[in-house]
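Inspection log for the structure reproduced underneath, given as structure tokens.
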Amino acid sequence: MLRRSMLLLILLFAAEVSAETVDGGWTLASSRERDGYPLELYVETEKTPGRPAFRVETRLGVPPAEAASMLMDRMVSVEESKPGERRRLLERREREALVHTFIDLPFMFSDRELAIRIRHQDDAQTGVHRVEWSDENGALPPAGAGVLRLQTDGYWEFRPDGPLGSQATYLSRAEVGGSLPSAMSNRLMRARAIEAVADLQTLIRHHATVNVAAPPPEGIPHP
């Protein structure tokens, strides 16, 4: 059984919209606003069977370094796993991590798992920060009976947009695995792309709210 939030996202984006082909092998599938920021979803014009790719363009209300740092903390936190998922942090360095995720599905479906290598890089000249990931399942012991190993890769790229904002690109190419029909798996991964962007926007908004509400440090008087 899919999580309720994911099902809602699938229903929201299941309807076909007029598509516009753009340069670079991508097609604009939908465009809207979320919390005042633009959100454009692109799909690959030439799809890879079993591993659909989706790209989302948006804007964030924090600088690239802050967005990348918050994202890394979220991606490596074992406390931030979603219902039905279990995470283990296998390696952690200053700007790199290896994370194992196990997805426990109902008995009629095979469980899924994968290990992903996550890296945070930046360019001092341009101010661009990039968090990228790819599967590294060879770091895991042999899979248990009935468990499918998934392949994935993708990245977040944060580009400066004024002193306090970022233009952001999210790209993910992943497989669902198993025998789900192609149309269903494509819609599922499309919804996951939107969900990933929405999660980061929510995290940033919550972080800003907490900072505004927090009292001043000890010894500093209120204005």
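Chain labels A, B, ... are given in the sequence in which chains occur in the structure tokens; within each chain residues are numbered consecutively from 1, and ligands are likewise numbered from 1 in the order shown.
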>> Set the distance at 12 Å and use only C-alpha atoms: which residues neighbour Asp122 (chain A) once local chain neighbours fewer than 5 positions away are removed? I'd like the list as a ChimeraX atom specification.
In response: /A:64-69,95,127-132,156-160
> Hey, what does DSSP flag as alpha helix (DSSP H) within region 11-181 of chain A? Can you give it to me as a PyMOL selection string?
Replying inline: chain A and resi 11-14+64-76
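Every protein, DNA or RNA residue with an atom at most 8 Å from region 40-52 of chain A, where only C-alpha atoms count and chain neighbours fewer than 4 positions away do not, is listed here: Thr21, Gly25, Trp26, Thr27, Leu28, Ala29, Ser30, Ser31, Arg32, Val56, Glu57, Thr58, Arg173, Ala174, Glu175, Val176, Gly177, Ser182, Ser185, Asn186, Met189 and Ile194 of chain A.
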> When DSSP works through the backbone of this structure, what residues of region 46-212 of chain A end up as strand (DSSP E), shown as number ranges by chain?
Replying inline: A: 53-60, 85-92, 96-103, 111-122, 129-135, 147-149, 152-160, 166-174
>> Need to verify the contact set: Gly61 (chain A), 12 Å, only C-alpha atoms, exclusion of same-chain residues closer than 5 positions in sequence. Can you return it as an NGL selection string?
In response: :A and (35-38 or 66-67 or 158-168 or 200-208)
Keeping C-alpha atoms, export the residues of the selection given above as a JSON list (two decimals), in the first residue's frame.
[["chain", "number", "residue", "atom", "x", "y", "z"],
["A", 35, "ASP", "CA", 4.07, 29.03, -1.60],
["A", 36, "GLY", "CA", 4.74, 31.89, -3.98],
["A", 37, "TYR", "CA", 7.62, 30.19, -5.81],
["A", 38, "PRO", "CA", 7.48, 28.85, -9.37],
["A", 66, "GLU", "CA", 22.46, 27.11, 3.34],
["A", 67, "ALA", "CA", 20.13, 25.15, 1.07],
["A", 158, "PHE", "CA", 21.60, 25.58, -6.10],
["A", 159, "ARG", "CA", 22.60, 28.76, -7.97],
["A", 160, "PRO", "CA", 22.79, 32.24, -6.38],
["A", 161, "ASP", "CA", 19.71, 34.39, -6.92],
["A", 162, "GLY", "CA", 20.31, 37.68, -5.18],
["A", 163, "PRO", "CA", 21.91, 37.83, -1.71],
["A", 164, "LEU", "CA", 19.28, 35.69, 0.04],
["A", 165, "GLY", "CA", 17.90, 33.25, -2.54],
["A", 166, "SER", "CA", 18.68, 30.39, -4.87],
["A", 167, "GLN", "CA", 17.56, 29.15, -8.22],
["A", 168, "ALA", "CA", 17.32, 25.39, -7.74],
["A", 200, "LEU", "CA", 12.85, 20.87, 0.97],
["A", 201, "GLN", "CA", 10.67, 23.97, 0.59],
["A", 202, "THR", "CA", 8.79, 22.99, 3.76],
["A", 203, "LEU", "CA", 12.05, 22.38, 5.64],
["A", 204, "ILE", "CA", 13.38, 25.81, 4.64],
["A", 205, "ARG", "CA", 10.14, 27.53, 5.58],
["A", 206, "HIS", "CA", 10.08, 25.79, 8.97],
["A", 207, "HIS", "CA", 13.72, 26.70, 9.57],
["A", 208, "ALA", "CA", 12.99, 30.36, 8.83]]
>> List the spatial neighbours of Arg112 (chain A) as a list in words - criterion: any atom at most 7 Å away, only C-alpha atoms, same-chain residues fewer than 5 positions off excluded.
In response: Phe102, Ile103, Asp104, Val147, Leu148, Arg149 and Leu150 of chain A
